[in-house]
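Colleague: Submitted below is the structure of interest, expressed as structure tokens.
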Amino acid sequence: MSLATDDPRIPVTVLTGFLGSGKTTLLNRVLREQHGMRIAVVENEFGEVGIDDALIIDSEEEIFEMNNGCICCTVRGDLIRILGALVKRRDKFDRILIETTGLADPAPVAQTFFVDDELQRTCRLDAIITLVDARHSLVHLDETKPAGVENESVEQVAFADRIILNKVDLVDEAELAAVESRIRAINGPVSILRATFADVPLRDILDVGAFDLDRILVNDPAFLLDTDHQHDLSVSSVGIECEGSVDENRFNVWLRNLLISRGVDIFRSKGILALHGSDYRFIFQGVHMLIDSDEGRAWDGEPRVNRLVFIGRDLDRHELETGFRACLVLQESTR
Amino acid sequence: MTLVGHQATIGWTVDVADAPTCLAMSGGRLVIAGIEGTVHVIAPGSGAVVAQTEITGRLTHAAIRPTEDRVALTGPFGGWLWTIEDDSLRPLVDRAWCSVARWATDRRLAVAAGRHVDLFDESGDLLWRSEKFPSTVTDISWLGGRHRLAVAAYGGVHIIEPREHGTSTFMPFTGSLLAICSSPNGRWIVSGNQDATLQVFRSDNDTRLEMEGYPSKISRVSFDSTGRFLANDGAPEVSVWDFGGAGPRGRAPVLLVTEAADQPDTIGAFAWQPDAAVLAVGWASGSCNTYRILDGIPGKPLRPSTVLAELDTEISALAWEPGGRAIAIAGSDGVVRQVELSAGSHR
């Protein structure tokens, strides 16, 4: 497993955010600042700006179901088309930033990178960044939707690898703490960057390797951070950490069954495992039912600690922990 | 470095300083469309650039009218009609993803215009606009050369008569269609799909076949000039299906591989030699070969019959000259090379 920086594929950052949260401000910074990076920006609803032109096309996002009819395999057809054309002039830019609409469901965007083999060859999903308005976010996050309608603000927080908590100058510290607590209740491991006028360093949101588990575990102490659990929330995260060796076959069966039965509700999953008989880390990460896995760095005498995190709706911590522990060859204590 | 095979010799080379995304040949003219929006017209005999223009934005496709004087250009930001003689560029479609444009034999022009199909006369005047399709139209094909159009959009193939009160037939398929082609007689319609299947439809009855088992999506499909053979990607090798007689049901495809068959390659482009069951294939490795399909055994790999070139660049487009004696090979390095087949090879 190589670090993201050694990966020749183009890193792609997905930028989501609530309406009015500051996405346009951030995009303007990306496009106008002298930051030395060559960034192609795929704009809201499939226009493209940046590099050397500034064009936006009037179209609607095209969300397709794959032929298996599984809702977890919906992809963005427009994205496949745009990125397919864009990579043909990859010598013109170093990275791609995709901005989605204020109410877009991030799942089809992320799943596109798992499903389309051509995109997998040329691009790698680097991170999902969600902009949150510090002043109005609680209203969006607590909004009760009609039965069967998703609260997409919650989903955008749940899918995020980084949250830019913007407009922090408009609220006091107590309000900020409340918003951050609410965010962490949904997505425990997420990194939160406070900002005014979206003034976060671009290096903190671009090429961060959030879908490269080896890298996130090294660089991101927030991974598996224990947080305040609010059990009344339907969307939350569950982290599992324990030492021991994992029986690969048992784990595969458990994870497959889990994602078949609960994949609709599990938005993101990530893990780093110590497989029985292997000297190397086994890493996986997924979006709904789609999973990618790879061999990571060697353990090299470090404690063989398994770490997993699930982010999703109506997660049962006891069920997940019990299920995973049943995959261990040696039962050891949970930290 | 350009190595040319022992049965082929290099003719001319042209550097267009752009990544060629499409080559279109008609009679005495070769059109090179670059991804950055450049368009060059080449005299195939000499390699001389006889005309050029540029589109603001990018290009994905070019189609030259059989009478060689007009070129339809399409890309992510619209469609244009370029008249070479007076160098006039007429916008056809503004701000919509235009995947392709296809000329009919009666000189009408169909353009995939976002979620619509627009039909123009040879001057670029709009004759007809379709209803809105479920997604951006990814490809279109004239059935039998004119009259009816097969349209690929998410959810199936639409066969339409592009005129007021024209009939429309829908052939549903739950999936995303990426490319479509039809046999010259208009009987067979084939789509390549995101879900790594090939869907085969008959335009005159309800027959539908599905070829599955491909490792990746199928984004290139093409019939030879007789309609007997169909080539498609979706795997490290090119599949060629025999549609002769009752069609491909129960048959296996011939699998075209490189000389180094044990080293997987990626398909860059392919093009049928005019009036012959010979396919030229350009690979990402830079190899460009021809394959004599009648030498193939269904279900078995077929090695090249001619090595046209070994380039240091990925091959992005191919176009045969009308007589089939020479081929233009475009590399992603921006250079288009003409390669002439030596006497005794194929023909």
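Chain identifiers are assigned as A, B, and so on, following the order in which chains appear in the structure tokens; residues are numbered from 1 within each chain, and ligands are numbered from 1 in order of appearance.
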If we count only C-alpha atoms, what is near Gln199 (chain B) at a cut-off of 6 Å, once residues fewer than 4 positions away on the same chain are taken out, given as a PDB file with N, CA and C atoms, in the first residue's frame?
Modeller:
```pdb
ATOM      1  N   VAL B 190     -27.080  -2.308 -31.250  1.00  0.00           N
ATOM      2  CA  VAL B 190     -26.282  -2.822 -30.137  1.00  0.00           C
ATOM      3  C   VAL B 190     -25.864  -1.656 -29.251  1.00  0.00           C
ATOM      4  N   SER B 191     -26.039  -1.841 -27.948  1.00  0.00           N
ATOM      5  CA  SER B 191     -25.568  -0.815 -27.017  1.00  0.00           C
ATOM      6  C   SER B 191     -24.489  -1.387 -26.107  1.00  0.00           C
ATOM      7  N   LEU B 209     -30.954  -9.699 -26.901  1.00  0.00           N
ATOM      8  CA  LEU B 209     -29.919 -10.569 -26.355  1.00  0.00           C
ATOM      9  C   LEU B 209     -29.038  -9.750 -25.426  1.00  0.00           C
ATOM     10  N   GLU B 210     -28.445 -10.457 -24.473  1.00  0.00           N
ATOM     11  CA  GLU B 210     -27.517  -9.779 -23.561  1.00  0.00           C
ATOM     12  C   GLU B 210     -26.222 -10.559 -23.521  1.00  0.00           C
TER      13      GLU B 210
END
```
Colleague: Contacts of region 170-177 of chain A at 12 Å or less, counting only C-alpha atoms, minus same-chain residues fewer than 3 places along, as a list in words?
Modeller: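 Counting only C-alpha atoms, the residues come to Val132, Asp133, Ala134, Arg135, His136, Ser137, Leu138, Leu165, Asn166, Lys167, Glu180, Ser181, Arg182, Ile183, Arg184, Ile192, Leu193, Arg194, Ala195, Thr196 and Phe197 of chain A.
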Colleague: Find the residues in chain B near chain A: any atom within 6 Å counts, using only C-alpha atoms. Write them as a ChimeraX atom specification.
Modeller: /B:95,174-175
Colleague: In Å, with one decimal, what is the gap from CA of Val100 (chain B) to CA of Gly75 (chain B)?
Modeller: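 The value is 7.8 Å.
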Colleague: Considering only C-alpha atoms, can you say which of A:Asp6, A:Glu321, A:Glu248, A:Asp292 comes closest to Asp207 (chain A)?
Modeller: A:Asp6
Colleague: Find the spatial neighbours of region 122-130 of chain B, counting only C-alpha atoms, within a cut-off of 6 Å - ignore same-chain residues fewer than 4 positions away - and output them as number ranges by chain.
Modeller: B: 107-108, 116-118
Colleague: Write the selection just made, keeping N, CA and C atoms, as a compact mmCIF listing (two decimals), in the first residue's frame?
Modeller:
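Everything below was put into result33.txt:
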```txt
# COMPACT_ATOMS: atom_id res chain seq x y z
N ARG B 107 -28.04 14.04 -46.03
CA ARG B 107 -27.38 15.29 -45.66
C ARG B 107 -27.99 15.97 -44.44
N ARG B 108 -28.95 15.34 -43.80
CA ARG B 108 -29.42 15.92 -42.55
C ARG B 108 -28.43 15.53 -41.44
N HIS B 116 -31.80 16.08 -25.39
CA HIS B 116 -32.61 16.06 -26.61
C HIS B 116 -31.75 15.54 -27.77
N VAL B 117 -32.45 15.26 -28.87
CA VAL B 117 -31.77 15.09 -30.15
C VAL B 117 -32.29 16.18 -31.07
N ASP B 118 -31.38 16.94 -31.66
CA ASP B 118 -31.76 18.00 -32.59
C ASP B 118 -31.41 17.57 -34.00
```
Colleague: Which residues come within 9 Å of Phe310 (chain A), counting only C-alpha atoms, excluding same-chain residues fewer than 5 positions away, as a PDB file with C-alpha atoms, in the first residue's frame?
Modeller:
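That gives us part32.pdb:
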```
ATOM      1  CA  SER A 236     -24.316   8.223  14.457  1.00  0.00           C
ATOM      2  CA  SER A 237     -20.938   6.531  14.381  1.00  0.00           C
ATOM      3  CA  VAL A 238     -19.650   3.451  16.133  1.00  0.00           C
ATOM      4  CA  GLY A 239     -15.942   2.843  16.640  1.00  0.00           C
ATOM      5  CA  ILE A 240     -14.510  -0.522  17.583  1.00  0.00           C
ATOM      6  CA  ILE A 266     -24.356   2.198   6.796  1.00  0.00           C
ATOM      7  CA  PHE A 267     -23.097   5.302   4.997  1.00  0.00           C
ATOM      8  CA  ARG A 268     -19.381   4.900   5.548  1.00  0.00           C
ATOM      9  CA  SER A 269     -17.213   2.130   6.955  1.00  0.00           C
ATOM     10  CA  LYS A 270     -13.485   2.048   7.481  1.00  0.00           C
ATOM     11  CA  GLY A 271     -11.174  -0.369   9.170  1.00  0.00           C
ATOM     12  CA  LEU A 315     -26.478   1.576  14.318  1.00  0.00           C
ATOM     13  CA  LEU A 320     -21.489  -4.536  15.709  1.00  0.00           C
TER      14      LEU A 320
END
```
Colleague: Could you please write out, as a PyMOL selection string, every residue of region 177-234 of chain B that DSSP assigns to strand (DSSP E or B)?
Modeller: chain B and resi 177-182+188-193+198-202+208-211+221-223+229-232
Colleague: As an exercise, work out the distance from CA of Ala112 (chain B) to CA of Ser141 (chain B) in Å and give it to one decimal place.
Modeller: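 The value is 10.2 Å.
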Colleague: Just want the 8 Å neighbourhood of region 18-33 of chain B, counted on only C-alpha atoms, with same-chain residues fewer than 5 positions away dropped. Output as an MDAnalysis selection string.
Modeller: (chainID A and resid 88:89) or (chainID B and resid 38:45 59:68 316:322 328 330:334)
Colleague: Go ahead and dump the residues you just picked, N, CA and C atoms, as an mmCIF file, in the first residue's frame.
Modeller:
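Result went into selection18.cif, see below:
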```cif
data_model
loop_
_atom_site.group_PDB
_atom_site.id
_atom_site.type_symbol
_atom_site.label_atom_id
_atom_site.label_comp_id
_atom_site.auth_asym_id
_atom_site.auth_seq_id
_atom_site.Cartn_x
_atom_site.Cartn_y
_atom_site.Cartn_z
ATOM 1 N N LYS A 88 -8.451 13.459 -19.869
ATOM 2 C CA LYS A 88 -7.707 13.426 -21.132
ATOM 3 C C LYS A 88 -6.744 14.604 -21.241
ATOM 4 N N ARG A 89 -6.913 15.594 -20.404
ATOM 5 C CA ARG A 89 -5.924 16.693 -20.398
ATOM 6 C C ARG A 89 -5.355 16.852 -18.988
ATOM 7 N N THR B 38 -9.168 22.262 -30.693
ATOM 8 C CA THR B 38 -8.561 22.532 -32.000
ATOM 9 C C THR B 38 -9.142 21.586 -33.051
ATOM 10 N N VAL B 39 -9.254 22.092 -34.262
ATOM 11 C CA VAL B 39 -9.729 21.260 -35.372
ATOM 12 C C VAL B 39 -8.803 21.493 -36.558
ATOM 13 N N HIS B 40 -8.253 20.424 -37.105
ATOM 14 C CA HIS B 40 -7.385 20.506 -38.272
ATOM 15 C C HIS B 40 -7.970 19.642 -39.377
ATOM 16 N N VAL B 41 -7.905 20.159 -40.592
ATOM 17 C CA VAL B 41 -8.293 19.364 -41.753
ATOM 18 C C VAL B 41 -7.026 19.070 -42.548
ATOM 19 N N ILE B 42 -6.828 17.789 -42.820
ATOM 20 C CA ILE B 42 -5.599 17.337 -43.459
ATOM 21 C C ILE B 42 -5.932 16.749 -44.825
ATOM 22 N N ALA B 43 -5.074 17.001 -45.784
ATOM 23 C CA ALA B 43 -5.166 16.294 -47.057
ATOM 24 C C ALA B 43 -4.452 14.960 -46.881
ATOM 25 N N PRO B 44 -5.175 13.851 -46.899
ATOM 26 C CA PRO B 44 -4.539 12.570 -46.551
ATOM 27 C C PRO B 44 -3.396 12.193 -47.490
ATOM 28 N N GLY B 45 -3.437 12.686 -48.711
ATOM 29 C CA GLY B 45 -2.366 12.315 -49.634
ATOM 30 C C GLY B 45 -1.018 12.884 -49.244
ATOM 31 N N LEU B 59 -13.679 19.543 -27.140
ATOM 32 C CA LEU B 59 -14.356 18.741 -28.146
ATOM 33 C C LEU B 59 -14.275 17.267 -27.785
ATOM 34 N N THR B 60 -15.327 16.561 -28.093
ATOM 35 C CA THR B 60 -15.312 15.120 -27.893
ATOM 36 C C THR B 60 -15.514 14.372 -29.199
ATOM 37 N N HIS B 61 -16.069 15.070 -30.204
ATOM 38 C CA HIS B 61 -16.429 14.331 -31.413
ATOM 39 C C HIS B 61 -16.478 15.266 -32.614
ATOM 40 N N ALA B 62 -16.173 14.705 -33.781
ATOM 41 C CA ALA B 62 -16.304 15.439 -35.042
ATOM 42 C C ALA B 62 -16.870 14.490 -36.075
ATOM 43 N N ALA B 63 -17.718 15.022 -36.960
ATOM 44 C CA ALA B 63 -18.285 14.206 -38.041
ATOM 45 C C ALA B 63 -18.240 15.037 -39.311
ATOM 46 N N ILE B 64 -17.549 14.542 -40.321
ATOM 47 C CA ILE B 64 -17.451 15.284 -41.581
ATOM 48 C C ILE B 64 -18.509 14.770 -42.545
ATOM 49 N N ARG B 65 -19.150 15.703 -43.221
ATOM 50 C CA ARG B 65 -20.188 15.322 -44.166
ATOM 51 C C ARG B 65 -19.557 14.571 -45.333
ATOM 52 N N PRO B 66 -20.259 13.584 -45.863
ATOM 53 C CA PRO B 66 -19.647 12.788 -46.948
ATOM 54 C C PRO B 66 -19.181 13.626 -48.127
ATOM 55 N N THR B 67 -19.783 14.810 -48.333
ATOM 56 C CA THR B 67 -19.309 15.658 -49.432
ATOM 57 C C THR B 67 -18.127 16.527 -49.012
ATOM 58 N N GLU B 68 -17.646 16.312 -47.798
ATOM 59 C CA GLU B 68 -16.347 16.813 -47.338
ATOM 60 C C GLU B 68 -16.254 18.300 -47.059
ATOM 61 N N SER B 316 -5.086 7.150 -29.392
ATOM 62 C CA SER B 316 -6.373 7.684 -28.960
ATOM 63 C C SER B 316 -7.444 7.657 -30.045
ATOM 64 N N ALA B 317 -7.056 7.561 -31.304
ATOM 65 C CA ALA B 317 -8.064 7.532 -32.368
ATOM 66 C C ALA B 317 -7.447 6.955 -33.637
ATOM 67 N N LEU B 318 -8.307 6.382 -34.473
ATOM 68 C CA LEU B 318 -7.885 5.791 -35.742
ATOM 69 C C LEU B 318 -8.896 6.156 -36.814
ATOM 70 N N ALA B 319 -8.437 6.278 -38.055
ATOM 71 C CA ALA B 319 -9.363 6.463 -39.179
ATOM 72 C C ALA B 319 -8.708 5.935 -40.448
ATOM 73 N N TRP B 320 -9.425 5.067 -41.147
ATOM 74 C CA TRP B 320 -8.934 4.520 -42.413
ATOM 75 C C TRP B 320 -9.195 5.500 -43.539
ATOM 76 N N GLU B 321 -8.286 5.501 -44.513
ATOM 77 C CA GLU B 321 -8.592 6.203 -45.754
ATOM 78 C C GLU B 321 -9.588 5.348 -46.540
ATOM 79 N N PRO B 322 -10.390 5.958 -47.397
ATOM 80 C CA PRO B 322 -11.496 5.233 -48.029
ATOM 81 C C PRO B 322 -11.085 3.946 -48.739
ATOM 82 N N ALA B 328 -4.845 6.600 -40.552
ATOM 83 C CA ALA B 328 -4.315 7.669 -39.703
ATOM 84 C C ALA B 328 -4.375 7.197 -38.260
ATOM 85 N N ALA B 330 -3.732 8.408 -34.366
ATOM 86 C CA ALA B 330 -3.522 9.556 -33.480
ATOM 87 C C ALA B 330 -3.014 9.074 -32.131
ATOM 88 N N GLY B 331 -1.972 9.740 -31.652
ATOM 89 C CA GLY B 331 -1.447 9.426 -30.329
ATOM 90 C C GLY B 331 -1.783 10.536 -29.357
ATOM 91 N N SER B 332 -1.800 10.211 -28.092
ATOM 92 C CA SER B 332 -2.119 11.240 -27.104
ATOM 93 C C SER B 332 -0.997 12.266 -26.975
ATOM 94 N N ASP B 333 0.117 12.036 -27.679
ATOM 95 C CA ASP B 333 1.196 13.032 -27.725
ATOM 96 C C ASP B 333 0.885 14.169 -28.694
ATOM 97 N N GLY B 334 -0.269 14.112 -29.357
ATOM 98 C CA GLY B 334 -0.664 15.184 -30.256
ATOM 99 C C GLY B 334 -0.219 14.972 -31.689
#
```
Colleague: When you look at Val339 (chain B) with a cut-off of 9 Å (counting only C-alpha atoms), what residues show up, excluding the ones that are within fewer than 5 positions of it in the same chain? I need them as a PyMOL selection string.
Modeller: chain B and resi 4+8-12+308-309+325-329
Colleague: CA of Leu259 (chain A) to CA of Thr100 (chain A): how many Å, to one decimal?
Modeller: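 Pair CA of Leu259 (chain A) / CA of Thr100 (chain A) returns 26.2 Å.
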